[in-house]
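First the structure, in the form of structure tokens, and then the observations on it.
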Amino acid sequence: MRRPMVAGNWKMHGTRASVAALIKGLGKQALPGGVDVAVFPPGVYIDQAIKGLQDKKVAVGAQNCAVEQKQGALTGEVSPEQFADVGCKLVLVGHSERRQMGETNEMLNRKFAVAQAAGLVPVLCVGETLEQRQAGETLEVVGQQLGSIIEAFGVEVFAKAVIAYEPVWAIGTGLTATPQQAQDVHAAIRAQLAAKDPEVAKGVRLLYGGSVKAANAVELFGMPDIDGGLVGGASLDADEFGAICRAAGN
Ligand code: PEP
């Protein structure tokens with residue numbers, strides 16, 4: 001049985017004051033014991049979130065990391081070891097907003113590897129654009145994004161990783177994949193992993209991301225291969241995010 005996970009990606013939102021208010025709001029939520037809950041604040045607020053959420057069993061992660069594991073001469077970057085040093089447990093790898101900025105599968109392979117080497121759990125984000133979906137290329141695109149990691153490091157690395165399927169056309173748009181559309185891609189991802197190692201495939205958590213809200217979470221999380229969600233906009237509202245977490249615990 002896979003333990004569900006709900007993760008909030010705060011993206012580049014927040015101020016010290018609004019982060020404090022969000023943490024306070026999360027503190028009031030009844031979070032289900034059977035669900036792993038995580039948040040990904042902007043880097044400058046990670047320490048504030050870790051301190052504010054330590055009694056709440058909410059893990060904190062980074063939205064991105066450098067391609068190098070250790071500290072060094074890489075101006076403007078933060079290494080996975082540094083994120084681990086301040087208490088981060090996870091890191092997003094390959095969010096579509098970063099792929100759109102030019103991050104290639106090769107760069108993301110390196111980020112994935114150095115994140116794991118530093119003891120962080122990578123959350124590998126995959127997903128197709130609207131054009132790719134309309135051209136019938138969804139499974140090919142997602143298969144290549146996932147296959148890049150499998151070819152480089154073997155499927156075993158997913159024993160200590162999470163995968164988030166996030167159709168680009170559903171991120172921040174209010175459009176959500178139907179539960180069946182999401183399930184079809186999740187099943188294909190699991191089958192791709194199972195072709196190499198059925199045990200790894202059975203254990204890995206596959207999150208859906210793309211305009212998840214309390215109103216659609218129960219249906220999405222009810223699908224057999226959807227193990228929770230990666231939530232953007234709705235994670236900035238503590239009550240809404242709490243309700244999404246509770247939906248994963250049903
Ligand atoms: C995301 O940024 O990962 C995301 C899924 O955003 P939203 O929930 O706002 O679509």
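Each chain in the structure tokens gets a letter, A, B, ..., in the order shown, and its residues are numbered from 1; ligands are numbered from 1 in order too.
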
Residue contacts of A:Lys56 (9 Å, only C-alpha atoms) excluding same-chain residues fewer than 5 positions away, as a compact mmCIF listing (two decimals) with N, CA, C and O atoms, in the first residue's frame:
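After the write, out13.txt holds the following:
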```txt
# COMPACT_ATOMS: atom_id res chain seq x y z
N LEU A 26 -1.75 26.84 8.40
CA LEU A 26 -1.49 25.39 8.29
C LEU A 26 -1.47 24.76 9.68
O LEU A 26 -1.91 23.62 9.86
N GLY A 27 -0.99 25.52 10.64
CA GLY A 27 -0.94 25.02 12.01
C GLY A 27 -2.31 24.69 12.56
O GLY A 27 -2.45 23.86 13.47
N LEU A 31 -4.47 17.77 9.87
CA LEU A 31 -3.86 17.03 8.76
C LEU A 31 -3.95 15.54 9.04
O LEU A 31 -3.67 15.10 10.15
```

Note to self: Give me the residues near A:Thr173 as a PyMOL selection string, where near means some atom within 7 Å (using only C-alpha atoms) and where sequence neighbours in that chain fewer than 3 positions away do not count.
What the structure shows: chain A and resi 169-170+211

Which residues are near ligand 1 in this structure, taking near to mean any atom at most 6 Å from a ligand atom and counting only C-alpha atoms and all ligand atoms? Format them as an mmCIF file with all heavy atoms, in the first residue's frame.
```
data_model
loop_
_atom_site.group_PDB
_atom_site.id
_atom_site.type_symbol
_atom_site.label_atom_id
_atom_site.label_comp_id
_atom_site.auth_asym_id
_atom_site.auth_seq_id
_atom_site.Cartn_x
_atom_site.Cartn_y
_atom_site.Cartn_z
ATOM 1 N N ASN A 9 3.426 23.584 -3.775
ATOM 2 C CA ASN A 9 4.478 24.362 -4.425
ATOM 3 C C ASN A 9 4.097 25.841 -4.358
ATOM 4 O O ASN A 9 3.194 26.274 -5.062
ATOM 5 C CB ASN A 9 4.613 23.895 -5.887
ATOM 6 C CG ASN A 9 5.601 24.734 -6.670
ATOM 7 O OD1 ASN A 9 6.382 25.498 -6.091
ATOM 8 N ND2 ASN A 9 5.576 24.589 -7.993
ATOM 9 N N ALA A 170 -2.489 22.323 -17.731
ATOM 10 C CA ALA A 170 -3.366 22.362 -16.553
ATOM 11 C C ALA A 170 -2.740 23.137 -15.397
ATOM 12 O O ALA A 170 -3.392 23.356 -14.373
ATOM 13 C CB ALA A 170 -3.681 20.935 -16.104
ATOM 14 N N ILE A 171 -1.493 23.570 -15.555
ATOM 15 C CA ILE A 171 -0.809 24.239 -14.438
ATOM 16 C C ILE A 171 -1.172 25.717 -14.396
ATOM 17 O O ILE A 171 -0.910 26.450 -15.351
ATOM 18 C CB ILE A 171 0.721 24.073 -14.550
ATOM 19 C CG1 ILE A 171 1.083 22.590 -14.416
ATOM 20 C CG2 ILE A 171 1.432 24.895 -13.493
ATOM 21 C CD1 ILE A 171 2.560 22.310 -14.499
ATOM 22 N N GLY A 172 -1.812 26.099 -13.313
ATOM 23 C CA GLY A 172 -2.143 27.504 -13.099
ATOM 24 C C GLY A 172 -3.187 28.044 -14.058
ATOM 25 O O GLY A 172 -3.386 29.253 -14.145
ATOM 26 N N GLY A 209 -0.504 16.806 -10.679
ATOM 27 C CA GLY A 209 -0.489 18.251 -10.465
ATOM 28 C C GLY A 209 -1.088 18.978 -11.648
ATOM 29 O O GLY A 209 -0.868 18.601 -12.810
ATOM 30 N N GLY A 210 -1.853 20.013 -11.365
ATOM 31 C CA GLY A 210 -2.496 20.799 -12.428
ATOM 32 C C GLY A 210 -3.860 21.238 -11.959
ATOM 33 O O GLY A 210 -4.835 20.519 -12.117
ATOM 34 N N SER A 211 -3.892 22.417 -11.301
ATOM 35 C CA SER A 211 -5.143 23.006 -10.811
ATOM 36 C C SER A 211 -5.916 22.074 -9.877
ATOM 37 O O SER A 211 -7.150 21.985 -9.955
ATOM 38 C CB SER A 211 -6.010 23.472 -11.991
ATOM 39 O OG SER A 211 -5.319 24.447 -12.759
ATOM 40 N N VAL A 212 -5.183 21.383 -9.007
ATOM 41 C CA VAL A 212 -5.864 20.583 -7.981
ATOM 42 C C VAL A 212 -6.486 21.530 -6.961
ATOM 43 O O VAL A 212 -5.857 22.506 -6.528
ATOM 44 C CB VAL A 212 -4.877 19.620 -7.266
ATOM 45 C CG1 VAL A 212 -5.573 18.894 -6.116
ATOM 46 C CG2 VAL A 212 -4.289 18.619 -8.247
ATOM 47 N N LEU A 230 0.512 17.327 -6.353
ATOM 48 C CA LEU A 230 1.419 18.464 -6.251
ATOM 49 C C LEU A 230 0.568 19.688 -6.580
ATOM 50 O O LEU A 230 -0.001 19.788 -7.671
ATOM 51 C CB LEU A 230 2.590 18.321 -7.235
ATOM 52 C CG LEU A 230 3.612 19.461 -7.252
ATOM 53 C CD1 LEU A 230 4.200 19.737 -5.871
ATOM 54 C CD2 LEU A 230 4.759 19.133 -8.217
ATOM 55 N N VAL A 231 0.454 20.576 -5.604
ATOM 56 C CA VAL A 231 -0.554 21.634 -5.652
ATOM 57 C C VAL A 231 0.133 22.992 -5.705
ATOM 58 O O VAL A 231 0.957 23.295 -4.838
ATOM 59 C CB VAL A 231 -1.445 21.555 -4.381
ATOM 60 C CG1 VAL A 231 -2.571 22.585 -4.455
ATOM 61 C CG2 VAL A 231 -1.990 20.155 -4.181
ATOM 62 N N GLY A 232 -0.193 23.793 -6.698
ATOM 63 C CA GLY A 232 0.386 25.131 -6.807
ATOM 64 C C GLY A 232 -0.500 26.158 -6.127
ATOM 65 O O GLY A 232 -0.515 26.296 -4.900
ATOM 66 N N GLY A 233 -1.301 26.851 -6.925
ATOM 67 C CA GLY A 233 -2.105 27.970 -6.431
ATOM 68 C C GLY A 233 -2.883 27.675 -5.161
ATOM 69 O O GLY A 233 -2.873 28.484 -4.219
#
```

Check: What is the distance, in Å and to one decimal place, between atom CA of A:Arg99 and atom CA of A:Val168?
Finding: 10.4 Å

Margin query: To one decimal place in Å, what is the distance between atom CA of A:Ala84 and atom CA of A:Gly127?
Written below: 26.8 Å

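Ranking A:Ala38, A:Val155, A:Leu53, A:Leu92 by their shortest atom-to-atom distance to A:Leu22, with only C-alpha atoms included, puts A:Leu53 first.
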
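Once A:Lys51 and its same-chain neighbours fewer than 2 positions away are set aside, A:Val19, A:Ala20, A:Ile23, A:Lys24, A:Gly27, A:Tyr45, A:Ile46, A:Asp47, A:Gln48, A:Ala49, A:Leu53, A:Gln54, A:Asp55, A:Lys56, A:Lys57, A:Val58, A:Ala59, A:Val60, A:Val86, A:Gly87, A:Cys88 remain within 12 Å of it when counting only C-alpha atoms.
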
Near-stretch 182-190 of chain A list (10 Å; only C-alpha atoms; drop same-chain fewer than 4 positions) as a tab-separated table (two decimals) with all heavy atoms, in the first residue's frame:
```
chain	number	residue	atom	x	y	z
A	126	VAL	N	7.02	15.65	-14.64
A	126	VAL	CA	6.93	15.35	-16.08
A	126	VAL	C	5.57	15.81	-16.57
A	126	VAL	O	4.62	15.91	-15.79
A	126	VAL	CB	7.11	13.83	-16.35
A	126	VAL	CG1	8.50	13.34	-15.95
A	126	VAL	CG2	6.05	12.99	-15.63
A	127	GLY	N	5.48	16.08	-17.86
A	127	GLY	CA	4.17	16.48	-18.39
A	127	GLY	C	4.29	17.08	-19.77
A	127	GLY	O	5.35	17.61	-20.15
A	138	THR	N	1.39	12.73	-25.86
A	138	THR	CA	1.52	12.78	-24.40
A	138	THR	C	2.40	11.67	-23.84
A	138	THR	O	3.37	11.92	-23.11
A	138	THR	CB	0.12	12.71	-23.74
A	138	THR	OG1	-0.63	13.84	-24.17
A	138	THR	CG2	0.22	12.72	-22.23
A	139	LEU	N	2.09	10.43	-24.18
A	139	LEU	CA	2.81	9.32	-23.57
A	139	LEU	C	4.26	9.26	-24.05
A	139	LEU	O	5.16	8.88	-23.29
A	139	LEU	CB	2.10	7.99	-23.85
A	139	LEU	CG	0.68	7.89	-23.25
A	139	LEU	CD1	0.11	6.48	-23.45
A	139	LEU	CD2	0.66	8.24	-21.76
A	142	VAL	N	6.11	12.19	-22.04
A	142	VAL	CA	6.28	11.82	-20.63
A	142	VAL	C	7.24	10.62	-20.53
A	142	VAL	O	8.11	10.57	-19.65
A	142	VAL	CB	4.90	11.49	-19.99
A	142	VAL	CG1	5.05	10.85	-18.63
A	142	VAL	CG2	4.07	12.78	-19.90
A	143	GLY	N	7.11	9.70	-21.46
A	143	GLY	CA	8.00	8.52	-21.47
A	143	GLY	C	9.45	8.91	-21.66
A	143	GLY	O	10.35	8.32	-21.05
A	146	LEU	N	10.80	10.64	-18.37
A	146	LEU	CA	11.06	9.62	-17.35
A	146	LEU	C	12.22	8.71	-17.79
A	146	LEU	O	13.10	8.37	-16.99
A	146	LEU	CB	9.77	8.80	-17.15
A	146	LEU	CG	9.80	7.66	-16.15
A	146	LEU	CD1	10.13	8.16	-14.75
A	146	LEU	CD2	8.45	6.94	-16.14
A	147	GLY	N	12.19	8.34	-19.07
A	147	GLY	CA	13.21	7.42	-19.60
A	147	GLY	C	14.61	7.98	-19.49
A	147	GLY	O	15.58	7.23	-19.33
A	163	ILE	N	7.34	10.86	-8.30
A	163	ILE	CA	7.11	11.39	-9.65
A	163	ILE	C	5.82	12.20	-9.62
A	163	ILE	O	4.82	11.77	-9.03
A	163	ILE	CB	7.00	10.25	-10.68
A	163	ILE	CG1	8.31	9.44	-10.72
A	163	ILE	CG2	6.67	10.80	-12.08
A	163	ILE	CD1	8.25	8.16	-11.53
A	164	ALA	N	5.85	13.37	-10.25
A	164	ALA	CA	4.62	14.18	-10.36
A	164	ALA	C	4.29	14.33	-11.83
A	164	ALA	O	5.11	14.87	-12.60
A	164	ALA	CB	4.83	15.54	-9.71
A	165	TYR	N	3.12	13.86	-12.21
A	165	TYR	CA	2.64	14.10	-13.58
A	165	TYR	C	1.87	15.41	-13.58
A	165	TYR	O	0.85	15.54	-12.89
A	165	TYR	CB	1.73	12.96	-14.06
A	165	TYR	CG	0.99	13.34	-15.34
A	165	TYR	CD1	1.69	13.74	-16.47
A	165	TYR	CD2	-0.41	13.35	-15.39
A	165	TYR	CE1	1.03	14.14	-17.62
A	165	TYR	CE2	-1.08	13.74	-16.55
A	165	TYR	CZ	-0.34	14.14	-17.66
A	165	TYR	OH	-1.00	14.54	-18.79
A	166	GLU	N	2.39	16.38	-14.33
A	166	GLU	CA	1.78	17.71	-14.36
A	166	GLU	C	1.62	18.14	-15.82
A	166	GLU	O	2.57	18.67	-16.41
A	166	GLU	CB	2.66	18.72	-13.63
A	166	GLU	CG	2.87	18.40	-12.18
A	166	GLU	CD	3.19	19.65	-11.38
A	166	GLU	OE1	4.21	20.30	-11.68
A	166	GLU	OE2	2.41	19.99	-10.49
A	167	PRO	N	0.44	17.93	-16.40
A	167	PRO	CA	0.24	18.43	-17.76
A	167	PRO	C	0.39	19.95	-17.77
A	167	PRO	O	-0.25	20.64	-16.97
A	167	PRO	CB	-1.20	18.00	-18.10
A	167	PRO	CG	-1.84	17.58	-16.82
A	167	PRO	CD	-0.76	17.30	-15.82
A	176	THR	N	-8.20	21.29	-15.40
A	176	THR	CA	-7.67	20.11	-14.74
A	176	THR	C	-7.83	18.93	-15.68
A	176	THR	O	-8.84	18.83	-16.39
A	176	THR	CB	-8.49	19.79	-13.46
A	176	THR	OG1	-8.66	21.00	-12.74
A	176	THR	CG2	-7.78	18.80	-12.57
A	177	ALA	N	-6.85	18.05	-15.69
A	177	ALA	CA	-7.04	16.79	-16.42
A	177	ALA	C	-8.21	16.06	-15.77
A	177	ALA	O	-8.39	16.15	-14.55
A	177	ALA	CB	-5.77	15.94	-16.33
A	178	THR	N	-9.01	15.38	-16.55
A	178	THR	CA	-10.05	14.58	-15.93
A	178	THR	C	-9.37	13.46	-15.15
A	178	THR	O	-8.23	13.08	-15.48
A	178	THR	CB	-10.99	13.95	-16.98
A	178	THR	OG1	-10.23	13.02	-17.75
A	178	THR	CG2	-11.62	15.00	-17.87
A	194	ALA	N	7.52	-0.59	-14.39
A	194	ALA	CA	7.31	-2.03	-14.13
A	194	ALA	C	8.02	-2.90	-15.15
A	194	ALA	O	8.45	-4.02	-14.84
A	194	ALA	CB	5.81	-2.35	-14.12
A	195	ALA	N	8.18	-2.38	-16.36
A	195	ALA	CA	8.88	-3.16	-17.40
A	195	ALA	C	10.32	-3.42	-16.98
A	195	ALA	O	10.95	-4.38	-17.41
A	195	ALA	CB	8.83	-2.40	-18.71
A	197	ASP	N	11.32	-3.01	-13.39
A	197	ASP	CA	11.31	-3.56	-12.03
A	197	ASP	C	9.91	-3.40	-11.42
A	197	ASP	O	9.56	-2.30	-10.96
A	197	ASP	CB	12.36	-2.83	-11.17
A	197	ASP	CG	12.53	-3.49	-9.80
A	197	ASP	OD1	11.52	-4.01	-9.24
A	197	ASP	OD2	13.66	-3.50	-9.29
A	198	PRO	N	9.14	-4.47	-11.39
A	198	PRO	CA	7.77	-4.38	-10.89
A	198	PRO	C	7.67	-3.90	-9.44
A	198	PRO	O	6.73	-3.19	-9.07
A	198	PRO	CB	7.24	-5.81	-11.02
A	198	PRO	CG	8.14	-6.48	-12.00
A	198	PRO	CD	9.46	-5.80	-11.90
A	200	VAL	N	9.70	-1.80	-7.78
A	200	VAL	CA	9.90	-0.35	-7.74
A	200	VAL	C	8.65	0.34	-8.24
A	200	VAL	O	8.15	1.31	-7.65
A	200	VAL	CB	11.13	0.06	-8.59
A	200	VAL	CG1	11.19	1.58	-8.76
A	200	VAL	CG2	12.41	-0.43	-7.93
A	201	ALA	N	8.07	-0.17	-9.32
A	201	ALA	CA	6.87	0.44	-9.91
A	201	ALA	C	5.72	0.43	-8.92
A	201	ALA	O	4.97	1.41	-8.80
A	201	ALA	CB	6.48	-0.32	-11.17
A	202	LYS	N	5.59	-0.66	-8.18
A	202	LYS	CA	4.49	-0.79	-7.23
A	202	LYS	C	4.64	0.20	-6.06
A	202	LYS	O	3.66	0.68	-5.51
A	202	LYS	CB	4.49	-2.22	-6.68
A	202	LYS	CG	3.10	-2.78	-6.44
A	202	LYS	CD	3.13	-4.15	-5.79
A	202	LYS	CE	3.52	-5.26	-6.76
A	202	LYS	NZ	3.70	-6.55	-6.08
A	203	GLY	N	5.88	0.50	-5.70
A	203	GLY	CA	6.10	1.31	-4.50
A	203	GLY	C	6.16	2.81	-4.74
A	203	GLY	O	5.93	3.60	-3.83
A	204	VAL	N	6.46	3.23	-5.97
A	204	VAL	CA	6.72	4.67	-6.18
A	204	VAL	C	5.42	5.46	-6.15
A	204	VAL	O	4.40	5.04	-6.70
A	204	VAL	CB	7.50	4.90	-7.50
A	204	VAL	CG1	6.66	4.60	-8.73
A	204	VAL	CG2	8.00	6.34	-7.57
A	205	ARG	N	5.48	6.63	-5.51
A	205	ARG	CA	4.30	7.50	-5.46
A	205	ARG	C	4.24	8.38	-6.69
A	205	ARG	O	5.22	9.03	-7.03
A	205	ARG	CB	4.30	8.33	-4.19
A	205	ARG	CG	3.76	7.46	-3.07
A	205	ARG	CD	4.19	7.69	-1.74
A	205	ARG	NE	5.40	8.33	-1.42
A	205	ARG	CZ	5.56	8.95	-0.25
A	205	ARG	NH1	4.59	9.04	0.61
A	205	ARG	NH2	6.72	9.48	0.07
A	206	LEU	N	3.07	8.38	-7.33
A	206	LEU	CA	2.83	9.19	-8.52
A	206	LEU	C	1.80	10.26	-8.17
A	206	LEU	O	0.63	9.95	-7.92
A	206	LEU	CB	2.29	8.33	-9.68
A	206	LEU	CG	3.11	7.09	-10.07
A	206	LEU	CD1	2.49	6.40	-11.28
A	206	LEU	CD2	4.56	7.46	-10.37
A	207	LEU	N	2.25	11.51	-8.11
A	207	LEU	CA	1.36	12.62	-7.77
A	207	LEU	C	0.81	13.25	-9.04
A	207	LEU	O	1.50	13.33	-10.05
A	207	LEU	CB	2.12	13.69	-6.97
A	207	LEU	CG	2.99	13.21	-5.80
A	207	LEU	CD1	3.58	14.42	-5.07
A	207	LEU	CD2	2.20	12.33	-4.85
A	208	TYR	N	-0.41	13.72	-8.96
A	208	TYR	CA	-0.97	14.50	-10.07
A	208	TYR	C	-0.88	15.98	-9.71
A	208	TYR	O	-1.17	16.37	-8.57
A	208	TYR	CB	-2.44	14.14	-10.35
A	208	TYR	CG	-3.06	15.16	-11.28
A	208	TYR	CD1	-2.77	15.13	-12.64
A	208	TYR	CD2	-3.82	16.21	-10.78
A	208	TYR	CE1	-3.25	16.12	-13.48
A	208	TYR	CE2	-4.30	17.21	-11.62
A	208	TYR	CZ	-4.01	17.16	-12.97
A	208	TYR	OH	-4.46	18.15	-13.81
A	209	GLY	N	-0.50	16.81	-10.68
A	209	GLY	CA	-0.49	18.25	-10.47
A	209	GLY	C	-1.09	18.98	-11.65
A	209	GLY	O	-0.87	18.60	-12.81
A	210	GLY	N	-1.85	20.01	-11.37
A	210	GLY	CA	-2.50	20.80	-12.43
A	210	GLY	C	-3.86	21.24	-11.96
A	210	GLY	O	-4.83	20.52	-12.12
A	220	LEU	N	-9.86	12.83	-8.13
A	220	LEU	CA	-8.53	12.54	-8.69
A	220	LEU	C	-7.80	11.51	-7.84
A	220	LEU	O	-7.25	10.53	-8.36
A	220	LEU	CB	-7.70	13.83	-8.76
A	220	LEU	CG	-8.05	14.81	-9.88
A	220	LEU	CD1	-7.52	16.20	-9.57
A	220	LEU	CD2	-7.49	14.31	-11.22
A	221	PHE	N	-7.81	11.72	-6.53
A	221	PHE	CA	-7.03	10.85	-5.64
A	221	PHE	C	-7.68	9.46	-5.51
A	221	PHE	O	-7.08	8.54	-4.96
A	221	PHE	CB	-6.86	11.48	-4.25
A	221	PHE	CG	-6.13	12.81	-4.24
A	221	PHE	CD1	-6.16	13.63	-3.11
A	221	PHE	CD2	-5.41	13.25	-5.34
A	221	PHE	CE1	-5.50	14.85	-3.09
A	221	PHE	CE2	-4.75	14.47	-5.33
A	221	PHE	CZ	-4.79	15.28	-4.21
A	222	GLY	N	-8.91	9.36	-5.99
A	222	GLY	CA	-9.59	8.06	-5.95
A	222	GLY	C	-9.15	7.12	-7.06
A	222	GLY	O	-9.50	5.94	-7.06
A	223	MET	N	-8.38	7.63	-8.02
A	223	MET	CA	-7.95	6.77	-9.13
A	223	MET	C	-6.82	5.85	-8.66
A	223	MET	O	-5.99	6.24	-7.82
A	223	MET	CB	-7.48	7.63	-10.32
A	223	MET	CG	-8.54	8.58	-10.87
A	223	MET	SD	-10.13	7.79	-11.24
A	223	MET	CE	-9.82	7.10	-12.85
A	224	PRO	N	-6.76	4.64	-9.21
A	224	PRO	CA	-5.85	3.64	-8.64
A	224	PRO	C	-4.36	3.99	-8.69
A	224	PRO	O	-3.61	3.57	-7.82
A	224	PRO	CB	-6.13	2.38	-9.47
A	224	PRO	CG	-6.97	2.81	-10.64
A	224	PRO	CD	-7.64	4.08	-10.24
A	225	ASP	N	-3.93	4.77	-9.71
A	225	ASP	CA	-2.50	5.07	-9.80
A	225	ASP	C	-2.16	6.51	-9.41
A	225	ASP	O	-1.06	6.98	-9.66
A	225	ASP	CB	-2.00	4.76	-11.22
A	225	ASP	CG	-1.90	3.27	-11.44
A	225	ASP	OD1	-1.11	2.63	-10.73
A	225	ASP	OD2	-2.65	2.73	-12.28
A	226	ILE	N	-3.11	7.21	-8.81
A	226	ILE	CA	-2.84	8.58	-8.35
A	226	ILE	C	-2.69	8.54	-6.83
A	226	ILE	O	-3.63	8.21	-6.11
A	226	ILE	CB	-3.97	9.55	-8.80
A	226	ILE	CG1	-4.08	9.54	-10.33
A	226	ILE	CG2	-3.69	10.96	-8.27
A	226	ILE	CD1	-5.10	10.50	-10.90
A	227	ASP	N	-1.49	8.86	-6.37
A	227	ASP	CA	-1.16	8.69	-4.95
A	227	ASP	C	-1.10	10.01	-4.20
A	227	ASP	O	-0.46	10.10	-3.14
A	227	ASP	CB	0.19	7.97	-4.85
A	227	ASP	CG	0.21	6.67	-5.63
A	227	ASP	OD1	-0.73	5.86	-5.46
A	227	ASP	OD2	1.15	6.46	-6.43
```

Checklist line | Å distance separating atom CA of A:Gln180 from atom CA of A:Pro4, one decimal place | finding: 18.5 Å

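Of the residues listed (A:Asn250, A:Ser18, A:Gln181, A:Gln63), A:Gln63 shows the shortest atom-to-atom separation from A:Leu120; distances use only C-alpha atoms.
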
Check: Which polymer residues have any atom within 8 Å of an atom of stretch 104-115 of chain A, counting only C-alpha atoms, with same-chain residues fewer than 5 positions away left out, as JSON, numbers by chain?
Finding: {"A": [65, 66, 67, 68, 69, 80, 81, 91, 93, 94, 99, 120, 121, 122, 124, 145, 148, 149, 152]}
